[in-house]
$ cat work_36.txt   # compact mmCIF, C-alpha atoms and all ligand atoms
# COMPACT_ATOMS: atom_id res chain seq x y z
CA MET A 21 -20.49 12.86 -9.33
CA TYR A 22 -22.00 15.40 -6.97
CA LEU A 23 -18.81 16.50 -5.31
CA LEU A 24 -16.83 16.96 -8.50
CA ALA A 25 -19.71 18.65 -10.28
CA HIS A 26 -19.88 21.02 -7.35
CA TYR A 27 -16.18 21.85 -7.58
CA PHE A 28 -16.23 22.34 -11.31
CA SER A 29 -19.29 24.57 -11.24
CA ALA A 30 -18.07 26.63 -8.30
CA GLY A 31 -14.59 26.98 -9.82
CA LYS A 32 -13.33 25.91 -6.42
CA TRP A 33 -10.54 23.78 -7.84
CA TRP A 34 -8.69 26.84 -8.92
CA SER A 35 -9.45 29.13 -6.03
CA THR A 36 -7.13 27.47 -3.52
CA PRO A 37 -3.81 26.89 -5.24
CA THR A 38 -1.26 25.29 -2.94
CA GLN A 39 2.39 26.15 -2.53
CA TYR A 40 3.20 22.74 -4.02
CA ASN A 41 2.34 23.77 -7.56
CA GLN A 42 5.18 26.14 -8.05
CA SER A 43 8.05 23.76 -7.48
CA MET A 44 6.67 20.81 -9.40
CA PRO A 45 6.70 19.95 -13.08
CA TYR A 46 3.53 17.87 -12.61
CA ASP A 47 0.29 19.36 -11.38
CA PHE A 48 -1.24 17.14 -8.72
CA ASP A 49 -3.79 19.84 -7.93
CA ALA A 50 -5.32 19.36 -11.39
CA PRO A 51 -8.88 18.07 -11.12
CA VAL A 52 -9.48 14.48 -12.17
CA ASN A 53 -13.05 13.49 -12.81
CA ARG A 54 -13.41 9.80 -11.95
CA SER A 55 -17.15 9.55 -12.54
CA ASN A 56 -18.12 7.08 -15.28
CA SER A 57 -14.82 5.24 -14.87
CA ASP A 58 -16.20 2.44 -12.67
CA SER A 59 -13.94 3.51 -9.82
CA ILE A 60 -14.60 1.36 -6.74
CA ARG A 61 -13.69 4.24 -4.45
CA TRP A 62 -15.80 6.91 -6.14
CA ASP A 63 -18.82 4.83 -7.19
CA ARG A 64 -19.79 3.39 -3.79
CA TYR A 65 -21.04 6.75 -2.49
CA ALA A 66 -21.76 8.49 -5.82
CA ALA A 67 -25.45 9.00 -5.05
CA GLY A 68 -24.80 11.26 -2.06
CA ASP A 69 -22.66 14.20 -1.05
CA VAL A 70 -19.84 12.04 0.29
CA ILE A 71 -16.09 12.56 -0.10
CA PRO A 72 -14.66 9.05 -0.60
CA LEU A 73 -11.22 8.71 0.99
CA TRP A 74 -11.20 4.98 1.56
CA VAL A 75 -9.86 2.40 -0.99
CA ALA A 76 -6.10 2.82 -1.57
CA ASP A 77 -5.76 4.35 -5.00
CA MET A 78 -5.00 7.97 -5.81
CA ASP A 79 -6.91 10.67 -7.68
CA PHE A 80 -3.96 11.38 -9.96
CA GLN A 81 -3.29 10.40 -13.55
CA SER A 82 -0.35 8.03 -13.98
CA PRO A 83 2.89 9.61 -15.31
CA PRO A 84 2.85 10.88 -18.90
CA CYS A 85 5.44 8.22 -19.88
CA VAL A 86 2.96 5.52 -18.81
CA LEU A 87 0.02 7.14 -20.60
CA GLU A 88 2.05 7.46 -23.81
CA ALA A 89 3.27 3.87 -23.72
CA LEU A 90 -0.25 2.56 -23.09
CA SER A 91 -1.65 4.69 -25.86
CA GLN A 92 0.92 3.36 -28.34
CA ARG A 93 0.20 -0.21 -27.31
CA VAL A 94 -3.54 0.37 -27.76
CA GLN A 95 -2.91 1.87 -31.22
CA HIS A 96 -1.37 -1.44 -32.25
CA GLY A 97 -4.86 -2.83 -31.89
CA VAL A 98 -4.06 -6.53 -31.50
CA PHE A 99 -4.30 -7.94 -28.00
CA GLY A 100 -3.54 -11.63 -28.32
CA TYR A 101 -2.04 -13.94 -25.69
CA THR A 102 1.11 -12.20 -24.60
CA HIS A 103 4.11 -13.37 -22.63
CA ALA A 104 6.08 -11.16 -20.27
CA PRO A 105 8.57 -9.06 -22.27
CA ASP A 106 11.99 -10.74 -22.33
CA SER A 107 13.62 -7.77 -20.63
CA LEU A 108 11.06 -7.44 -17.81
CA ARG A 109 12.78 -9.41 -15.05
CA HIS A 110 16.14 -7.92 -15.96
CA GLU A 111 14.70 -4.40 -15.81
CA ILE A 112 13.03 -5.12 -12.46
CA ALA A 113 16.41 -6.25 -11.11
CA LEU A 114 18.03 -3.02 -12.36
CA TYR A 115 15.22 -0.99 -10.80
CA LEU A 116 15.67 -2.71 -7.41
CA ALA A 117 19.41 -2.09 -7.51
CA GLU A 118 18.83 1.59 -8.31
CA GLN A 119 16.01 2.19 -5.84
CA PHE A 120 17.03 0.04 -2.87
CA SER A 121 20.66 -0.95 -3.57
CA TRP A 122 19.38 -4.51 -3.64
CA GLU A 123 21.21 -6.91 -5.96
CA VAL A 124 18.73 -9.44 -7.28
CA ASP A 125 19.29 -12.06 -9.94
CA PRO A 126 16.49 -11.77 -12.56
CA GLU A 127 16.09 -15.55 -12.18
CA TRP A 128 14.76 -15.02 -8.65
CA ILE A 129 11.74 -13.05 -9.91
CA VAL A 130 8.29 -14.60 -10.42
CA ILE A 131 5.84 -12.38 -12.30
CA LEU A 132 2.33 -12.25 -10.79
CA PRO A 133 -0.86 -10.36 -11.64
CA SER A 134 -1.16 -8.84 -8.14
CA VAL A 135 0.40 -8.76 -4.69
CA VAL A 136 -2.83 -10.13 -3.22
CA SER A 137 -2.60 -13.32 -5.26
CA GLY A 138 1.00 -13.61 -4.09
CA LEU A 139 -0.09 -13.38 -0.45
CA TYR A 140 -2.61 -16.23 -0.79
CA THR A 141 -0.15 -18.37 -2.75
CA ALA A 142 2.56 -17.78 -0.15
CA VAL A 143 0.35 -18.92 2.72
CA ARG A 144 -0.99 -21.98 0.91
CA GLN A 145 2.23 -23.08 -0.77
CA LEU A 146 4.88 -22.24 1.84
CA THR A 147 3.05 -23.88 4.73
CA ASN A 148 1.25 -27.18 5.26
CA PRO A 149 -2.21 -27.47 6.81
CA GLY A 150 -1.89 -27.15 10.58
CA GLU A 151 1.34 -25.14 10.47
CA HIS A 152 1.13 -21.88 12.36
CA LEU A 153 1.69 -18.31 11.09
CA ILE A 154 2.21 -14.91 12.67
CA VAL A 155 0.82 -11.72 11.20
CA PRO A 156 0.90 -8.07 12.39
CA GLN A 157 -2.26 -6.40 13.65
CA PRO A 158 -3.50 -4.07 12.32
CA VAL A 159 -2.45 -4.88 8.78
CA TYR A 160 -3.77 -4.74 5.22
CA HIS A 161 -6.64 -7.19 5.52
CA HIS A 162 -5.47 -9.63 2.85
CA LEU A 163 -2.41 -10.59 4.91
CA ARG A 164 -4.74 -11.77 7.65
CA LEU A 165 -7.35 -13.21 5.27
CA ALA A 166 -4.71 -15.21 3.42
CA CYS A 167 -4.00 -16.92 6.77
CA SER A 168 -7.60 -17.44 7.84
CA GLU A 169 -8.71 -18.66 4.41
CA GLY A 170 -5.60 -20.81 3.97
CA PRO A 171 -6.94 -22.02 6.33
CA ARG A 172 -3.99 -21.99 8.71
CA PRO A 173 -3.81 -21.35 12.46
CA PHE A 174 -2.30 -17.92 13.07
CA THR A 175 -1.59 -15.40 15.79
CA GLU A 176 -1.90 -11.66 15.32
CA ILE A 177 0.90 -9.57 16.78
CA PRO A 178 -0.38 -6.19 17.97
CA LEU A 179 1.76 -3.26 16.84
CA MET A 180 2.79 -0.85 19.56
CA LEU A 181 3.67 2.82 19.58
CA SER A 182 7.35 3.48 20.13
CA HIS A 183 8.69 7.03 19.68
CA ASP A 184 5.44 7.86 17.90
CA ARG A 185 5.90 5.07 15.30
CA TRP A 186 3.80 1.92 14.99
CA VAL A 187 6.23 -0.99 15.30
CA LEU A 188 6.19 -4.70 16.03
CA PRO A 189 7.07 -5.61 19.64
CA TRP A 190 10.58 -6.77 18.73
CA GLN A 191 11.41 -7.99 22.25
CA THR A 192 8.33 -10.14 22.74
CA LEU A 193 7.73 -11.69 19.32
CA SER A 194 8.34 -15.17 20.68
CA GLN A 195 5.22 -14.91 22.86
CA SER A 196 3.13 -15.10 19.66
CA CYS A 197 4.87 -18.21 18.35
CA GLU A 198 3.98 -21.88 18.58
CA VAL A 199 6.33 -24.82 18.25
CA ASN A 200 5.18 -25.24 14.66
CA THR A 201 5.25 -21.60 13.54
CA LYS A 202 6.38 -21.78 9.92
CA LEU A 203 5.78 -18.41 8.30
CA ALA A 204 5.88 -14.76 9.42
CA MET A 205 3.92 -12.20 7.40
CA LEU A 206 5.46 -8.74 7.31
CA CYS A 207 4.15 -5.53 5.79
CA ASN A 208 6.95 -3.01 5.21
CA PRO A 209 6.24 -0.13 4.84
CA GLN A 210 3.40 -0.95 7.17
CA ASN A 211 -0.21 -0.44 6.02
CA PRO A 212 -1.97 0.91 7.95
CA GLY A 213 0.38 2.98 10.09
CA GLY A 214 2.93 4.12 7.52
CA THR A 215 6.02 2.89 9.38
CA VAL A 216 9.18 2.23 7.39
CA TYR A 217 11.07 -0.29 9.47
CA THR A 218 14.71 0.58 10.10
CA LYS A 219 17.54 -1.72 9.20
CA SER A 220 18.13 -2.54 12.85
CA GLU A 221 14.43 -3.31 13.46
CA LEU A 222 14.47 -5.62 10.45
CA GLN A 223 17.65 -7.24 11.70
CA GLN A 224 15.93 -8.06 14.99
CA PHE A 225 12.95 -9.52 13.16
CA ALA A 226 15.21 -11.50 10.84
CA ALA A 227 17.32 -12.83 13.71
CA PHE A 228 14.17 -13.95 15.47
CA CYS A 229 12.97 -15.79 12.34
CA GLU A 230 16.36 -17.44 11.83
CA GLU A 231 16.52 -18.57 15.42
CA ARG A 232 13.16 -20.33 15.10
CA ASP A 233 13.56 -21.38 11.49
CA ILE A 234 10.57 -19.32 10.33
CA LEU A 235 10.09 -18.30 6.69
CA ILE A 236 9.19 -14.69 5.88
CA CYS A 237 6.65 -13.32 3.42
CA SER A 238 7.30 -9.58 3.16
CA ASP A 239 4.71 -7.39 1.42
CA GLU A 240 6.70 -4.35 0.23
CA ILE A 241 4.20 -2.83 -2.18
CA HIS A 242 4.51 0.60 -0.52
CA ALA A 243 8.33 0.65 -0.80
CA GLY A 244 8.36 3.37 -3.46
CA LEU A 245 6.24 5.69 -1.34
CA VAL A 246 8.66 6.61 1.44
CA LEU A 247 7.81 10.25 2.11
CA ASP A 248 10.92 11.64 3.79
CA SER A 249 14.23 11.78 1.96
CA GLN A 250 16.26 10.92 5.09
CA ILE A 251 14.37 7.60 5.49
CA ARG A 252 15.21 4.65 3.26
CA HIS A 253 13.29 1.48 2.58
CA THR A 254 15.31 -1.68 3.26
CA PRO A 255 13.99 -4.89 1.70
CA ILE A 256 14.31 -7.45 4.49
CA ALA A 257 15.72 -9.99 2.05
CA SER A 258 18.60 -7.62 1.29
CA LEU A 259 19.97 -7.95 4.85
CA SER A 260 21.95 -11.13 4.26
CA LYS A 261 22.18 -14.23 2.11
CA SER A 262 20.65 -16.39 4.83
CA ILE A 263 17.64 -14.08 5.24
CA SER A 264 17.27 -13.88 1.49
CA MET A 265 17.09 -17.70 1.39
CA ARG A 266 14.11 -17.80 3.79
CA THR A 267 12.17 -14.84 2.36
CA VAL A 268 9.58 -14.23 -0.35
CA THR A 269 9.28 -10.50 -1.09
CA LEU A 270 6.17 -9.20 -2.85
CA MET A 271 6.37 -5.95 -4.78
CA SER A 272 4.60 -4.00 -7.51
CA LEU A 273 4.55 -0.54 -9.07
CA ASN A 274 0.73 -0.49 -8.98
CA LYS A 275 0.58 1.71 -5.87
CA VAL A 276 3.39 4.12 -6.65
CA PHE A 277 2.37 4.91 -10.22
CA ASN A 278 -1.32 4.56 -9.53
CA PHE A 279 -2.32 1.83 -11.96
CA PRO A 280 -3.68 -0.93 -9.67
CA GLY A 281 -6.55 -1.39 -12.13
CA ILE A 282 -4.00 -2.64 -14.67
CA GLY A 283 -2.07 -4.78 -12.27
CA LEU A 284 1.27 -6.48 -12.24
CA ALA A 285 3.32 -7.64 -9.29
CA TRP A 286 6.27 -9.87 -8.62
CA ALA A 287 7.62 -12.20 -5.98
CA ILE A 288 11.36 -12.37 -5.38
CA THR A 289 13.05 -15.27 -3.71
CA GLU A 290 16.59 -16.52 -3.97
CA ASN A 291 15.56 -19.93 -2.63
CA PRO A 292 14.64 -22.23 -5.57
CA HIS A 293 12.24 -24.28 -3.42
CA LEU A 294 10.31 -21.19 -2.33
CA ARG A 295 10.35 -19.99 -5.93
CA ALA A 296 8.88 -23.24 -7.19
CA ALA A 297 6.18 -22.94 -4.51
CA MET A 298 5.33 -19.39 -5.64
CA GLN A 299 4.97 -20.66 -9.22
CA THR A 300 2.56 -23.47 -8.35
CA ASP A 301 -0.67 -21.66 -9.10
CA LEU A 302 0.55 -19.71 -12.13
CA HIS A 303 -1.36 -20.24 -15.38
CA ARG A 304 -3.86 -22.29 -13.36
CA THR A 305 -5.87 -20.49 -10.70
CA ILE A 306 -3.69 -17.39 -11.11
CA ALA A 307 -3.89 -15.76 -14.52
CA ASP A 308 -1.04 -13.98 -16.26
CA PRO A 309 -1.06 -10.18 -15.99
CA GLY A 310 -2.91 -8.42 -18.79
CA LEU A 311 -0.63 -7.23 -21.56
CA LEU A 312 -1.15 -3.55 -20.73
CA ALA A 313 0.30 -4.23 -17.28
CA TYR A 314 3.63 -5.14 -18.86
CA THR A 315 3.59 -1.92 -20.85
CA ALA A 316 2.68 0.27 -17.87
CA THR A 317 5.23 -1.31 -15.52
CA LEU A 318 8.12 -1.09 -17.99
CA ALA A 319 7.28 2.52 -18.87
CA ALA A 320 7.12 3.52 -15.20
CA MET A 321 10.46 1.87 -14.44
CA ARG A 322 12.14 3.47 -17.42
CA GLY A 323 10.77 6.99 -17.23
CA GLY A 324 8.67 7.55 -14.10
CA GLU A 325 11.23 8.70 -11.55
CA SER A 326 10.80 12.47 -11.84
CA TRP A 327 7.02 12.03 -11.61
CA ARG A 328 7.48 9.82 -8.53
CA GLN A 329 9.65 12.45 -6.87
CA SER A 330 7.01 15.12 -7.54
CA LEU A 331 4.30 12.83 -6.23
CA LEU A 332 6.25 12.28 -3.00
CA HIS A 333 6.63 16.02 -2.62
CA TYR A 334 2.89 16.52 -2.99
CA LEU A 335 2.02 13.62 -0.68
CA ARG A 336 4.43 14.95 1.94
CA GLY A 337 2.53 18.22 1.87
CA ASN A 338 -0.77 16.36 2.22
CA ARG A 339 0.57 14.27 5.08
CA ASP A 340 1.80 17.36 6.93
CA TYR A 341 -1.54 19.05 6.31
CA VAL A 342 -3.52 16.07 7.65
CA ALA A 343 -1.23 15.79 10.69
CA ALA A 344 -1.62 19.49 11.47
CA ARG A 345 -5.41 19.33 11.15
CA ILE A 346 -5.66 16.19 13.31
CA LYS A 347 -3.68 17.98 16.03
CA THR A 348 -6.49 20.54 16.18
CA MET A 349 -9.09 17.79 16.66
CA PRO A 350 -8.48 16.30 20.10
CA PRO A 351 -8.89 13.58 21.18
CA LEU A 352 -8.03 12.20 17.72
CA ARG A 353 -4.41 11.09 17.38
CA MET A 354 -2.15 10.19 14.55
CA ALA A 355 1.39 8.83 14.90
CA LYS A 356 4.29 9.80 12.66
CA MET A 357 3.72 8.60 9.11
CA GLU A 358 6.80 7.72 7.13
CA ALA A 359 5.33 6.23 3.97
CA SER A 360 2.33 6.05 1.66
CA TYR A 361 -0.87 8.07 1.65
CA LEU A 362 -2.97 6.25 4.23
CA ALA A 363 -3.33 8.13 7.52
CA TRP A 364 -4.10 5.88 10.49
CA ILE A 365 -6.21 7.89 12.90
CA ASP A 366 -6.83 6.80 16.47
CA CYS A 367 -10.37 7.65 17.58
CA SER A 368 -10.34 5.50 20.72
CA ALA A 369 -10.62 8.48 23.08
CA LEU A 370 -13.58 9.83 21.15
CA ASN A 371 -16.98 9.52 22.70
CA CYS A 372 -18.21 7.34 19.84
CA ALA A 373 -18.66 3.59 19.39
CA ASP A 374 -18.38 3.66 15.60
CA PRO A 375 -16.11 6.42 14.28
CA HIS A 376 -16.46 5.22 10.69
CA ALA A 377 -20.24 5.71 10.85
CA LEU A 378 -19.81 9.08 12.54
CA PHE A 379 -17.67 10.45 9.71
CA LEU A 380 -19.82 8.85 7.02
CA GLY A 381 -22.80 10.62 8.53
CA ALA A 382 -20.89 13.89 8.06
CA GLY A 383 -20.22 13.12 4.38
CA LEU A 384 -16.76 11.56 4.64
CA ALA A 385 -16.15 7.91 3.74
CA LEU A 386 -13.00 6.49 5.33
CA SER A 387 -11.82 2.91 5.64
CA PRO A 388 -13.23 1.50 8.86
CA GLY A 389 -10.59 0.36 11.34
CA ALA A 390 -12.62 -2.86 11.70
CA GLN A 391 -11.29 -3.88 8.28
CA PHE A 392 -7.87 -4.07 9.95
CA ASN A 393 -9.16 -5.50 13.23
CA ALA A 394 -8.95 -2.11 15.00
CA PRO A 395 -12.52 -0.71 15.10
CA GLN A 396 -11.59 2.41 17.10
CA PHE A 397 -9.44 3.68 14.23
CA VAL A 398 -10.18 5.00 10.76
CA ARG A 399 -7.86 5.13 7.73
CA LEU A 400 -7.90 8.25 5.57
CA ASN A 401 -6.55 8.15 2.01
CA PHE A 402 -4.89 11.50 1.29
CA GLY A 403 -3.83 10.58 -2.26
CA THR A 404 -6.10 13.27 -3.58
CA GLN A 405 -6.14 16.96 -4.51
CA ARG A 406 -5.51 19.28 -1.60
CA VAL A 407 -8.80 21.03 -2.11
CA ILE A 408 -10.70 17.77 -1.56
CA LEU A 409 -8.60 17.04 1.50
CA GLU A 410 -9.41 20.44 2.97
CA GLN A 411 -13.12 19.80 2.63
CA ALA A 412 -12.78 16.29 4.02
CA LEU A 413 -11.01 17.51 7.15
CA ASP A 414 -13.58 20.28 7.61
CA ARG A 415 -16.22 17.55 7.66
CA MET A 416 -14.20 15.51 10.09
CA ALA A 417 -13.87 18.48 12.43
CA ALA A 418 -17.60 19.16 12.21
CA ALA A 419 -18.36 15.52 13.03
CA ILE A 420 -16.09 15.57 16.08
CA LYS A 421 -17.95 18.56 17.48
CA THR A 422 -21.15 16.54 17.55
CA THR A 423 -19.61 14.02 19.98
CA ASN A 424 -18.93 16.52 22.80
CA ALA A 425 -15.29 15.48 22.64
C1 LIG B 501 0.05 -3.78 1.82
C2 LIG B 501 -0.73 -4.00 0.57
N1 LIG B 501 -0.53 -5.12 -0.14
C3 LIG B 501 -1.20 -5.35 -1.28
C4 LIG B 501 -2.13 -4.45 -1.77
C5 LIG B 501 -2.86 -4.74 -3.04
O1 LIG B 501 -1.95 -5.07 -4.03
P1 LIG B 501 -2.44 -5.56 -5.46
O2 LIG B 501 -3.35 -4.51 -6.00
O3 LIG B 501 -1.17 -5.69 -6.27
O4 LIG B 501 -3.10 -6.87 -5.26
C6 LIG B 501 -2.38 -3.28 -1.05
C7 LIG B 501 -3.40 -2.33 -1.50
O5 LIG B 501 -3.81 -1.44 -0.82
C8 LIG B 501 -1.64 -3.04 0.13
O6 LIG B 501 -1.80 -1.92 0.84

$ encode --input "work_36.txt" --output "structure tokens" --more "lines below"
Ligand SMILES: Cc1ncc(COP(=O)(O)O)c(C=O)c1O
Amino acid sequence: MYLLAHYFSAGKWWSTPTQYNQSMPYDFDAPVNRSNSDSIRWDRYAAGDVIPLWVADMDFQSPPCVLEALSQRVQHGVFGYTHAPDSLRHEIALYLAEQFSWEVDPEWIVILPSVVSGLYTAVRQLTNPGEHLIVPQPVYHHLRLACSEGPRPFTEIPLMLSHDRWVLPWQTLSQSCEVNTKLAMLCNPQNPGGTVYTKSELQQFAAFCEERDILICSDEIHAGLVLDSQIRHTPIASLSKSISMRTVTLMSLNKVFNFPGIGLAWAITENPHLRAAMQTDLHRTIADPGLLAYTATLAAMRGGESWRQSLLHYLRGNRDYVAARIKTMPPLRMAKMEASYLAWIDCSALNCADPHALFLGAGLALSPGAQFNAPQFVRLNFGTQRVILEQALDRMAAAIKTTNA
């Protein structure tokens, strides 16, 4: 890969150590060469001098406890049909209690291969043809695609900026509803945007759904990536028994521990009818997770916490660095980011019809805002080594200059 080869040969990786190294037992500045690993993010632009900060995975090895567990499982050498380990749902319940003070009965948990398959199942199985859905905009594209491919009629609810956070318009949600609105899709923490909804915001949303008898499908895959220690993730289903009974929560450790290529997720719902609906496609159109996914997920839950804390520390530094650099690039704007590693950058005041193409032309591949129905934005993945981020933002700044902003 051109970029990595360049860093290795120039010794540049080591020439700009960050302050984050000293306080951390894990070295997130360590170079990771992803060439020849069939990485979607790195392979798309491998032929050119392009820094790829688009698809949402990180350039970090998973925690040592995960690598060791996988290695032991591979040493066993037999990979036959495998059921979920007996302790898995119990350990997920313990993990949720520990992480989010959320008491879940292991019986409520449905194991899935991915959150995306859960999104499509939720739309198809929790609603009937013709029933209406609401979905935030912008949002991770599969929430919207699950609705459109359902196919189900749906209305997108534009997020708005309030106190520099992207939030749903809590007071006017009803304007997006129809008489037959059946399901509300929620993404918390929000991707893109990075908002972690507060308990009182979630209470407003929940009250609105109760009032209109709307079910909730809450994608909480980024829950373990809350960047600031004073902010806590609240699973919407943890608010009350009645909300729990109308909610399907989708979660996974794929994002946090950086093994989405192995893949395991789960749906949680206290309501037995919703649970049966979420199980409909299992072992049919939805395959079981691969056996290594069980190994990776259990290892991360049992031993990954100190690594996760170090990761958050490093990502916080990257977030602050990106925010500071964006401030020096008017008219670009970025709101406060509370979670994850996906910076949502507003280019609408830039003299440029296609910001994604502008930055690509300068050697920086970002996710186009169009993917989230917001073409005047770009999404930048800062789950990478600081030295790569520095170069990426230099390229961004150079590109801006060409627009006479
Ligand atoms: C909000 C959200 N949901 C789901 C996914 C994908 O989850 P999975 O890999 O488990 O299908 C992503 C990936 O970026 C995401 O951001």

$ residues_around --input "work_36.txt" --residues "Leu181 in chain A" --least-positions-apart "5" --cutoff "8 Å" --atoms "only C-alpha atoms" --output "ChimeraX atom specification"
/A:186-187,355

$ axis_aligned_box --input "work_36.txt" --around "ligand LIG 501 (chain B)" --padding-each-side "4 Å" --output "lines of an AutoDock Vina configuration file"
center_x = -1.9
center_y = -4.2
center_z = -2.2
size_x = 11.9
size_y = 13.4
size_z = 16.1

$ closest_residue --input "work_36.txt" --among "A:Ile154, A:Leu378, A:Met205, A:Ile420" --to "ligand LIG 501 (chain B)" --atoms "all atoms listed in the file"
A:Met205

$ atom_distance --input "work_36.txt" --atom1 "CA of Ile177 in chain A" --atom2 "CA of Leu193 in chain A"
7.6 Å

$ residues_near_ligand --input "work_36.txt" --ligand "ligand LIG 501 (chain B)" --cutoff "6 Å" --atoms "all atoms listed in the file" --output "ChimeraX atom specification"
/A:76,134-136,160,207,211,239,241,280,285

$ atom_distance --input "work_36.txt" --atom1 "CA of Tyr217 in chain A" --atom2 "CA of Met271 in chain A"
16.0 Å

$ atom_distance --input "work_36.txt" --atom1 "CA of Phe99 in chain A" --atom2 "CA of Trp128 in chain A"
28.1 Å

$ closest_residue --input "work_36.txt" --among "A:Ser360, A:Gln250, A:Thr300, A:Ser330" --to "Gly138 in chain A" --atoms "all atoms listed in the file"
A:Thr300

$ closest_residue --input "work_36.txt" --among "A:Ala104, A:Pro209, A:Trp74, A:Ser258" --to "Arg61 in chain A" --atoms "only C-alpha atoms"
A:Trp74

$ residues_around --input "work_36.txt" --residues "Tyr101 in chain A" --least-positions-apart "5" --cutoff "10 Å" --atoms "all atoms listed in the file" --output "NGL selection string"
:A and (308 or 310-311)

$ residues_around --input "work_36.txt" --residues "Thr141 in chain A" --least-positions-apart "5" --cutoff "10 Å" --atoms "only C-alpha atoms" --output "PyMOL selection string"
chain A and resi 135-136+146-147+166+170+297-302+306

$ write_last_selection --input "work_36.txt" --atoms "C-alpha atoms" --output "PDB file, keeping the file's coordinate frame"
ATOM      1  CA  VAL A 135       0.400  -8.760  -4.690  1.00  0.00           C
ATOM      2  CA  VAL A 136      -2.830 -10.130  -3.220  1.00  0.00           C
ATOM      3  CA  LEU A 146       4.880 -22.240   1.840  1.00  0.00           C
ATOM      4  CA  THR A 147       3.050 -23.880   4.730  1.00  0.00           C
ATOM      5  CA  ALA A 166      -4.710 -15.210   3.420  1.00  0.00           C
ATOM      6  CA  GLY A 170      -5.600 -20.810   3.970  1.00  0.00           C
ATOM      7  CA  ALA A 297       6.180 -22.940  -4.510  1.00  0.00           C
ATOM      8  CA  MET A 298       5.330 -19.390  -5.640  1.00  0.00           C
ATOM      9  CA  GLN A 299       4.970 -20.660  -9.220  1.00  0.00           C
ATOM     10  CA  THR A 300       2.560 -23.470  -8.350  1.00  0.00           C
ATOM     11  CA  ASP A 301      -0.670 -21.660  -9.100  1.00  0.00           C
ATOM     12  CA  LEU A 302       0.550 -19.710 -12.130  1.00  0.00           C
ATOM     13  CA  ILE A 306      -3.690 -17.390 -11.110  1.00  0.00           C
TER      14      ILE A 306
END

$ residues_around --input "work_36.txt" --residues "Glu410 in chain A" --least-positions-apart "6" --cutoff "10 Å" --atoms "only C-alpha atoms" --output "PyMOL selection string"
chain A and resi 36+338+341-342+345+416

$ residues_around --input "work_36.txt" --residues "Val268 in chain A" --least-positions-apart "6" --cutoff "12 Å" --atoms "all atoms listed in the file" --output "PyMOL selection string"
chain A and resi 128-130+135+138-139+141-143+145-146+203-207+234-240+255-258+286-299

$ closest_residue --input "work_36.txt" --among "A:Pro375, A:Pro351, A:Phe392, A:Ala313" --to "Leu132 in chain A" --atoms "only C-alpha atoms"
A:Ala313

$ closest_residue --input "work_36.txt" --among "A:Glu198, A:Asp106, A:Asp79, A:Glu358" --to "Leu247 in chain A" --atoms "all atoms listed in the file"
A:Glu358

$ closest_residue --input "work_36.txt" --among "A:Leu312, A:Val124, A:Leu400, A:Cys367" --to "Ala385 in chain A" --atoms "all atoms listed in the file"
A:Leu400

$ residues_near_point --input "work_36.txt" --point "(-14.7, 11.1, 20.3)" --cutoff "12 Å" --atoms "all atoms listed in the file" --output "VMD selection string"
chain A and resid 349 to 353 365 to 376 378 to 379 396 to 397 416 to 425
